[in-house]
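Trainee: Got structure-v7.json for you, JSON, C-alpha atoms:
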[["chain", "number", "residue", "atom", "x", "y", "z"],
["A", 1, "SER", "CA", 130.32, 87.05, 80.49],
["A", 2, "GLU", "CA", 127.18, 87.35, 82.60],
["A", 3, "ARG", "CA", 128.00, 91.00, 83.30],
["A", 4, "ALA", "CA", 128.30, 91.76, 79.59],
["A", 5, "ILE", "CA", 124.96, 90.03, 78.95],
["A", 6, "ALA", "CA", 123.37, 92.03, 81.77],
["A", 7, "ARG", "CA", 124.70, 95.32, 80.37],
["A", 8, "SER", "CA", 123.56, 94.58, 76.82],
["A", 9, "LEU", "CA", 120.01, 93.65, 77.99],
["A", 10, "SER", "CA", 119.76, 96.37, 80.69],
["A", 11, "LEU", "CA", 119.19, 93.73, 83.36],
["A", 12, "SER", "CA", 120.85, 93.21, 86.70],
["A", 13, "HIS", "CA", 123.69, 90.72, 86.98],
["A", 14, "GLY", "CA", 121.58, 88.77, 89.52],
["A", 15, "THR", "CA", 118.69, 88.40, 87.06],
["A", 16, "VAL", "CA", 120.96, 87.05, 84.33],
["A", 17, "SER", "CA", 122.62, 84.67, 86.79],
["A", 18, "ASN", "CA", 119.22, 83.46, 88.00],
["A", 19, "ILE", "CA", 117.92, 82.78, 84.47],
["A", 20, "LEU", "CA", 121.11, 80.93, 83.47],
["A", 21, "ALA", "CA", 120.87, 78.78, 86.62],
["A", 22, "ARG", "CA", 117.24, 77.97, 85.75],
["A", 23, "ALA", "CA", 118.30, 77.02, 82.21],
["A", 24, "ILE", "CA", 120.92, 74.60, 83.56],
["A", 25, "GLU", "CA", 118.39, 73.15, 86.03],
["A", 26, "ALA", "CA", 115.88, 72.66, 83.20],
["A", 27, "GLY", "CA", 118.58, 70.96, 81.07],
["A", 28, "LEU", "CA", 118.27, 73.44, 78.20],
["A", 29, "PRO", "CA", 121.00, 73.15, 75.53],
["A", 30, "TRP", "CA", 122.61, 76.07, 73.69],
["A", 31, "PRO", "CA", 121.66, 77.03, 71.09],
["A", 32, "LEU", "CA", 118.03, 76.51, 71.94],
["A", 33, "PRO", "CA", 116.05, 74.01, 69.83],
["A", 34, "ALA", "CA", 114.24, 75.60, 66.88],
["A", 35, "ASN", "CA", 110.86, 74.21, 67.94],
["A", 36, "LEU", "CA", 111.05, 75.93, 71.38],
["A", 37, "ASP", "CA", 108.83, 79.03, 71.31],
["A", 38, "GLU", "CA", 108.69, 81.71, 74.04],
["A", 39, "ARG", "CA", 105.73, 80.17, 75.85],
["A", 40, "LYS", "CA", 107.39, 76.73, 76.11],
["A", 41, "LEU", "CA", 110.65, 78.35, 77.20],
["A", 42, "GLU", "CA", 108.88, 80.29, 79.95],
["A", 43, "VAL", "CA", 107.23, 77.10, 81.25],
["A", 44, "LEU", "CA", 110.64, 75.36, 81.36],
["A", 45, "LEU", "CA", 112.39, 78.28, 83.08],
["A", 46, "PHE", "CA", 109.56, 79.27, 85.43],
["A", 47, "PRO", "CA", 107.50, 76.18, 86.23],
["A", 48, "LYS", "CA", 104.40, 76.72, 88.34],
["A", 49, "VAL", "CA", 105.05, 75.87, 91.94],
["A", 50, "MET", "CA", 102.90, 73.03, 93.12],
["A", 51, "GLY", "CA", 101.86, 73.88, 96.68],
["A", 52, "ARG", "CA", 100.64, 71.58, 99.35],
["A", 53, "PRO", "CA", 97.20, 70.12, 98.77],
["A", 54, "LYS", "CA", 94.42, 72.24, 100.23],
["A", 55, "ASN", "CA", 93.05, 69.71, 102.66],
["A", 56, "ARG", "CA", 92.95, 72.04, 105.63],
["A", 57, "LYS", "CA", 89.61, 73.03, 107.11],
["A", 58, "GLU", "CA", 89.05, 76.74, 106.58],
["A", 59, "PRO", "CA", 87.82, 78.45, 109.76],
["A", 60, "ASP", "CA", 84.54, 80.37, 109.83],
["A", 61, "TRP", "CA", 86.15, 83.80, 109.56],
["A", 62, "ASN", "CA", 82.88, 85.63, 110.30],
["A", 63, "LEU", "CA", 82.61, 83.78, 113.60],
["A", 64, "MET", "CA", 86.30, 84.34, 114.34],
["A", 65, "TYR", "CA", 85.87, 88.06, 113.70],
["A", 66, "ARG", "CA", 82.83, 88.32, 116.00],
["A", 67, "GLU", "CA", 84.60, 86.33, 118.70],
["A", 68, "SER", "CA", 87.76, 88.46, 118.42],
["A", 69, "LYS", "CA", 85.70, 91.51, 119.44],
["A", 70, "ARG", "CA", 84.86, 90.00, 122.82],
["A", 71, "LYS", "CA", 86.84, 91.10, 125.85],
["A", 72, "GLY", "CA", 89.84, 88.89, 126.60],
["A", 73, "VAL", "CA", 89.66, 86.97, 123.31],
["A", 74, "THR", "CA", 92.92, 86.87, 121.35],
["A", 75, "LEU", "CA", 93.82, 85.39, 117.99],
["A", 76, "GLN", "CA", 95.96, 82.86, 119.78],
["A", 77, "LEU", "CA", 92.98, 81.72, 121.85],
["A", 78, "LEU", "CA", 90.82, 81.44, 118.71],
["A", 79, "TRP", "CA", 93.58, 79.48, 116.97],
["A", 80, "MET", "CA", 93.89, 77.07, 119.91],
["A", 81, "GLU", "CA", 90.13, 76.40, 119.80],
["A", 82, "TYR", "CA", 90.34, 75.91, 116.02],
["A", 83, "LYS", "CA", 93.29, 73.48, 116.37],
["A", 84, "SER", "CA", 91.45, 71.48, 119.04],
["A", 85, "LEU", "CA", 88.61, 70.94, 116.54],
["A", 86, "TYR", "CA", 90.89, 70.48, 113.48],
["A", 87, "PRO", "CA", 94.33, 69.12, 114.50],
["A", 88, "GLU", "CA", 95.43, 69.06, 110.84],
["A", 89, "GLY", "CA", 94.41, 72.70, 110.44],
["A", 90, "TYR", "CA", 96.57, 75.76, 109.90],
["A", 91, "GLN", "CA", 99.46, 76.57, 112.18],
["A", 92, "TYR", "CA", 99.29, 79.81, 114.15],
["A", 93, "SER", "CA", 101.22, 82.06, 111.73],
["A", 94, "GLN", "CA", 99.18, 80.91, 108.71],
["A", 95, "PHE", "CA", 95.96, 81.23, 110.72],
["A", 96, "CYS", "CA", 96.82, 84.86, 111.58],
["A", 97, "GLU", "CA", 97.88, 85.62, 108.00],
["A", 98, "ARG", "CA", 94.66, 84.23, 106.55],
["A", 99, "PHE", "CA", 92.56, 86.03, 109.17],
["A", 100, "ASN", "CA", 94.22, 89.36, 108.36],
["A", 101, "GLN", "CA", 93.79, 88.78, 104.61],
["A", 102, "TRP", "CA", 90.10, 88.01, 105.17],
["A", 103, "LYS", "CA", 89.69, 91.18, 107.27],
["A", 104, "LYS", "CA", 91.14, 93.29, 104.45],
["A", 105, "SER", "CA", 88.35, 92.08, 102.18],
["A", 106, "LEU", "CA", 85.68, 93.51, 104.50],
["A", 107, "GLN", "CA", 84.02, 96.78, 103.70],
["A", 108, "LEU", "CA", 84.14, 98.15, 107.22],
["A", 109, "SER", "CA", 82.15, 101.23, 108.09],
["A", 110, "LEU", "CA", 80.95, 102.72, 111.31],
["A", 111, "ARG", "CA", 77.42, 103.98, 111.07],
["A", 112, "GLN", "CA", 76.56, 106.49, 113.74],
["A", 113, "GLU", "CA", 73.04, 107.64, 114.42],
["A", 114, "HIS", "CA", 72.57, 111.07, 115.95],
["A", 115, "LYS", "CA", 69.46, 112.55, 117.52],
["A", 116, "ALA", "CA", 68.58, 116.07, 116.42],
["A", 117, "GLY", "CA", 70.11, 118.67, 118.73],
["A", 118, "GLU", "CA", 72.02, 116.08, 120.76],
["A", 119, "LYS", "CA", 75.66, 116.57, 119.67],
["A", 120, "LEU", "CA", 77.79, 119.39, 118.33],
["A", 121, "PHE", "CA", 81.18, 118.28, 116.99],
["A", 122, "ILE", "CA", 83.91, 120.90, 117.37],
["A", 123, "ASP", "CA", 87.40, 121.11, 115.89],
["A", 124, "TYR", "CA", 89.95, 123.31, 114.18],
["A", 125, "ALA", "CA", 90.06, 122.10, 110.58],
["A", 126, "GLY", "CA", 93.15, 121.42, 108.55],
["A", 127, "PRO", "CA", 96.15, 123.70, 108.04],
["A", 128, "LYS", "CA", 96.14, 127.44, 108.62],
["A", 129, "ILE", "CA", 94.50, 129.56, 105.95],
["A", 130, "PRO", "CA", 95.81, 132.90, 104.61],
["A", 131, "VAL", "CA", 93.59, 135.93, 105.26],
["A", 132, "VAL", "CA", 94.30, 139.14, 103.33],
["A", 133, "ASP", "CA", 93.62, 142.52, 104.97],
["A", 134, "GLY", "CA", 91.62, 144.44, 102.34],
["A", 135, "GLU", "CA", 93.09, 147.84, 103.33],
["A", 136, "THR", "CA", 96.78, 147.05, 103.87],
["A", 137, "GLY", "CA", 97.19, 143.91, 101.76],
["A", 138, "GLU", "CA", 98.85, 142.22, 104.74],
["A", 139, "ILE", "CA", 98.47, 138.44, 104.79],
["A", 140, "ARG", "CA", 97.93, 136.74, 108.16],
["A", 141, "GLU", "CA", 97.53, 133.05, 108.95],
["A", 142, "ALA", "CA", 94.23, 132.06, 110.57],
["A", 143, "GLN", "CA", 92.83, 128.92, 112.16],
["A", 144, "LEU", "CA", 89.52, 127.55, 110.87],
["A", 145, "PHE", "CA", 87.10, 126.85, 113.76],
["A", 146, "VAL", "CA", 84.35, 124.39, 112.74],
["A", 147, "ALA", "CA", 81.23, 123.28, 114.64],
["A", 148, "THR", "CA", 78.87, 120.69, 113.08],
["A", 149, "LEU", "CA", 75.55, 119.35, 114.33],
["A", 150, "GLY", "CA", 75.58, 115.54, 114.37],
["A", 151, "ALA", "CA", 72.12, 114.77, 113.00],
["A", 152, "SER", "CA", 71.88, 117.35, 110.22],
["A", 153, "SER", "CA", 75.59, 118.05, 109.52],
["A", 154, "TYR", "CA", 74.59, 121.73, 109.61],
["A", 155, "THR", "CA", 77.94, 123.50, 109.95],
["A", 156, "TYR", "CA", 79.25, 126.77, 111.36],
["A", 157, "ALA", "CA", 82.81, 127.85, 110.47],
["A", 158, "GLU", "CA", 84.88, 130.94, 111.19],
["A", 159, "ALA", "CA", 88.49, 132.07, 110.86],
["A", 160, "GLN", "CA", 90.25, 132.81, 114.15],
["A", 161, "TRP", "CA", 93.71, 134.20, 114.80],
["A", 162, "GLY", "CA", 94.60, 131.43, 117.25],
["A", 163, "GLN", "CA", 93.45, 128.41, 119.22],
["A", 164, "ASP", "CA", 93.69, 130.11, 122.61],
["A", 165, "LEU", "CA", 90.95, 129.72, 125.22],
["A", 166, "GLN", "CA", 89.28, 133.07, 124.45],
["A", 167, "SER", "CA", 89.07, 132.29, 120.72],
["A", 168, "PHE", "CA", 87.75, 128.79, 121.47],
["A", 169, "VAL", "CA", 85.02, 130.03, 123.85],
["A", 170, "ASN", "CA", 84.03, 132.94, 121.60],
["A", 171, "GLY", "CA", 83.80, 130.53, 118.64],
["A", 172, "HIS", "CA", 81.32, 128.43, 120.65],
["A", 173, "VAL", "CA", 79.24, 131.47, 121.61],
["A", 174, "ARG", "CA", 78.98, 132.60, 117.97],
["A", 175, "ALA", "CA", 78.20, 129.02, 116.83],
["A", 176, "PHE", "CA", 75.36, 128.78, 119.39],
["A", 177, "GLN", "CA", 74.00, 132.12, 118.18],
["A", 178, "PHE", "CA", 74.24, 130.89, 114.58],
["A", 179, "PHE", "CA", 72.37, 127.64, 115.38],
["A", 180, "GLY", "CA", 69.85, 129.45, 117.58],
["A", 181, "GLY", "CA", 70.34, 127.10, 120.52],
["A", 182, "VAL", "CA", 72.70, 124.91, 122.52],
["A", 183, "PRO", "CA", 73.04, 121.14, 122.00],
["A", 184, "GLU", "CA", 72.93, 118.59, 124.79],
["A", 185, "LEU", "CA", 76.58, 117.53, 124.25],
["A", 186, "LEU", "CA", 79.72, 119.22, 122.93],
["A", 187, "VAL", "CA", 82.12, 116.75, 121.31],
["A", 188, "PRO", "CA", 85.57, 118.26, 120.72],
["A", 189, "ASP", "CA", 88.18, 116.40, 118.70],
["A", 190, "ASN", "CA", 91.65, 115.86, 120.21],
["A", 191, "LEU", "CA", 92.62, 119.52, 120.26],
["A", 192, "LYS", "CA", 96.34, 120.07, 120.66],
["A", 193, "SER", "CA", 95.79, 123.48, 122.27]]
In structure tokens, write the structure found in this file.
Mentor:
Amino acid sequence: SERAIARSLSLSHGTVSNILARAIEAGLPWPLPANLDERKLEVLLFPKVMGRPKNRKEPDWNLMYRESKRKGVTLQLLWMEYKSLYPEGYQYSQFCERFNQWKKSLQLSLRQEHKAGEKLFIDYAGPKIPVVDGETGEIREAQLFVATLGASSYTYAEAQWGQDLQSFVNGHVRAFQFFGGVPELLVPDNLKS
């Protein structure tokens, strides 16, 4: 039975059923002919699917990407413009799928340029860190306050017992003392506290 075959080959019943159906569709006799090697058998059981001919005009994805960044421009609007130029072109779902596949191939990066002394980026970094009291051996959890200058990436960091307002303000004061000045802008991350 198909179930016995599946158990003996450690395959699912569905896989065995599928292969037997393909063998019937291909008109393969049992036992298999002696001149049928594995490669020929695979071609008979799993023929390559012949897709539709590629006669569709491929959009200029670079242009589509630039246009999609403009206010009020949607993929549907871009597709409608594309279809007006190429009526035999891709339908909307295939257009979107191909656009998204093309976007995945991009090496996107956001390059930011910072002027010296202009911005100080502030945040509490990562999970809490254990701090051991040297005298008692007690372990307390601390927050890691981090302030980084934008242009130089020069960084100040300190452990704080919490993210309360006093700790936050005192961390800034000590960071300014460390840097020897105050930047034009303070850029905090989305602080939960």
Trainee: Given the choices A:Leu75, A:Leu11, A:Leu120, A:Val43, which gets closest to A:Ala26 if the distance is worked out from only C-alpha atoms?
Mentor: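 That would be A:Val43, the residue with the smallest distance to A:Ala26.
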Trainee: Around the point (108.4, 77.1, 84.4), in the coordinates given by the file, pick out the residues reaching within 12 Å, counting all atoms listed in the file, and return them as a PyMOL selection string.
Mentor: chain A and resi 19+22-23+25-26+38-50
Trainee: Might you pull out every residue within 7 Å of A:Glu158, with all atoms listed in the file counted and same-chain residues fewer than 5 positions away left off, and present them as a ChimeraX atom specification?
Mentor: /A:144-146
Trainee: Mind writing the picked residues with C-alpha atoms as a CSV table (one decimal), keeping the file's coordinate frame?
Mentor:
chain,number,residue,atom,x,y,z
A,144,LEU,CA,89.5,127.6,110.9
A,145,PHE,CA,87.1,126.8,113.8
A,146,VAL,CA,84.4,124.4,112.7
Trainee: Give me the residues within 12 Å of A:Glu113 as a ChimeraX atom specification, counting all atoms listed in the file and dropping any in the same chain fewer than 5 places off.
Mentor: /A:118-119,149-153
Trainee: Skip A:Ser17 itself and residues of its chain fewer than 3 positions away, then list as a PDB file with C-alpha atoms, in the frame of the given file all residues within 10 Å of it, counting all atoms listed in the file.
Mentor:
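Printed below is around21.pdb as written:
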ATOM      1  CA  GLU A   2     127.180  87.350  82.600  1.00  0.00           C
ATOM      2  CA  ARG A   3     128.000  91.000  83.300  1.00  0.00           C
ATOM      3  CA  ILE A   5     124.960  90.030  78.950  1.00  0.00           C
ATOM      4  CA  ALA A   6     123.370  92.030  81.770  1.00  0.00           C
ATOM      5  CA  SER A  12     120.850  93.210  86.700  1.00  0.00           C
ATOM      6  CA  HIS A  13     123.690  90.720  86.980  1.00  0.00           C
ATOM      7  CA  GLY A  14     121.580  88.770  89.520  1.00  0.00           C
ATOM      8  CA  LEU A  20     121.110  80.930  83.470  1.00  0.00           C
ATOM      9  CA  ALA A  21     120.870  78.780  86.620  1.00  0.00           C
ATOM     10  CA  ARG A  22     117.240  77.970  85.750  1.00  0.00           C
ATOM     11  CA  ALA A  23     118.300  77.020  82.210  1.00  0.00           C
TER      12      ALA A  23
END
Trainee: Mind pulling up the distance from atom CA of A:Phe121 to atom CA of A:Phe176?
Mentor: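 Rounded to one decimal, the two atoms are 12.2 Å apart.
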Trainee: Distance atom CA of A:Met64-atom CA of A:Leu77, one decimal place?
Mentor: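 Value for the atom CA of A:Met64-atom CA of A:Leu77 distance: 10.4 Å.
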Trainee: Which of these, A:Glu184, A:Val132, A:Ile122, A:Val169, has the shortest distance to A:Ala147 once you count only C-alpha atoms?
Mentor: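 Counting only C-alpha atoms, the residue closest to A:Ala147 is A:Ile122.
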Trainee: Atom CA of A:Leu186 and atom CA of A:Glu141 are how many Å apart?
Mentor: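 According to the coordinates, atom CA of A:Leu186 and atom CA of A:Glu141 are separated by 26.5 Å.
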Trainee: If you count only C-alpha atoms, which residues fall within 10 Å of A:Ala159, apart from same-chain ones fewer than 2 positions away, as a list in words?
Mentor: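 Non-adjacent residues within range: Tyr124, Lys128, Ile129, Pro130, Val131, Glu141, Ala142, Gln143, Leu144, Phe145, Val146, Ala157, Trp161, Gly162, Ser167 and Gly171 of chain A.
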Trainee: Using only C-alpha atoms, which of A:Gln166, A:Pro127, A:Pro59, A:Ala116 sits nearest A:Gln94?
Mentor: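 Ranking A:Gln166, A:Pro127, A:Pro59, A:Ala116 by distance to A:Gln94, first place goes to A:Pro59.
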Trainee: If you count all atoms listed in the file, which residues fall within 12 Å of A:Arg98, apart from same-chain ones fewer than 4 positions away, as a PDB file with C-alpha atoms, in the frame of the given file?
Mentor:
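The new file around-v6.pdb reads:
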ATOM      1  CA  GLU A  58      89.050  76.740 106.580  1.00  0.00           C
ATOM      2  CA  PRO A  59      87.820  78.450 109.760  1.00  0.00           C
ATOM      3  CA  ASP A  60      84.540  80.370 109.830  1.00  0.00           C
ATOM      4  CA  TRP A  61      86.150  83.800 109.560  1.00  0.00           C
ATOM      5  CA  MET A  64      86.300  84.340 114.340  1.00  0.00           C
ATOM      6  CA  TYR A  65      85.870  88.060 113.700  1.00  0.00           C
ATOM      7  CA  LEU A  75      93.820  85.390 117.990  1.00  0.00           C
ATOM      8  CA  TRP A  79      93.580  79.480 116.970  1.00  0.00           C
ATOM      9  CA  TYR A  90      96.570  75.760 109.900  1.00  0.00           C
ATOM     10  CA  GLN A  91      99.460  76.570 112.180  1.00  0.00           C
ATOM     11  CA  TYR A  92      99.290  79.810 114.150  1.00  0.00           C
ATOM     12  CA  SER A  93     101.220  82.060 111.730  1.00  0.00           C
ATOM     13  CA  GLN A  94      99.180  80.910 108.710  1.00  0.00           C
ATOM     14  CA  TRP A 102      90.100  88.010 105.170  1.00  0.00           C
ATOM     15  CA  LYS A 103      89.690  91.180 107.270  1.00  0.00           C
ATOM     16  CA  LYS A 104      91.140  93.290 104.450  1.00  0.00           C
ATOM     17  CA  SER A 105      88.350  92.080 102.180  1.00  0.00           C
TER      18      SER A 105
END
Trainee: Determine the nearest neighbour of A:Ala125 from the options A:Leu191, A:Ala4, A:Leu185, A:Val73, counting only C-alpha atoms.
Mentor: A:Leu191
Trainee: Here is a test: counting all atoms listed in the file, which residue of A:Glu88, A:Asp189, A:Glu138, A:Asp123 is nearest to A:Arg56?
Mentor: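 Between A:Glu88, A:Asp189, A:Glu138, A:Asp123, the residue approaching A:Arg56 most closely is A:Glu88.
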Trainee: Nearest to A:Leu63 among A:Gly89, A:Gln112, A:Phe99, A:Val173, with distances taken over all atoms listed in the file: which residue is it?
Mentor: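 With all atoms listed in the file as the atom set, the closest residue is A:Phe99.
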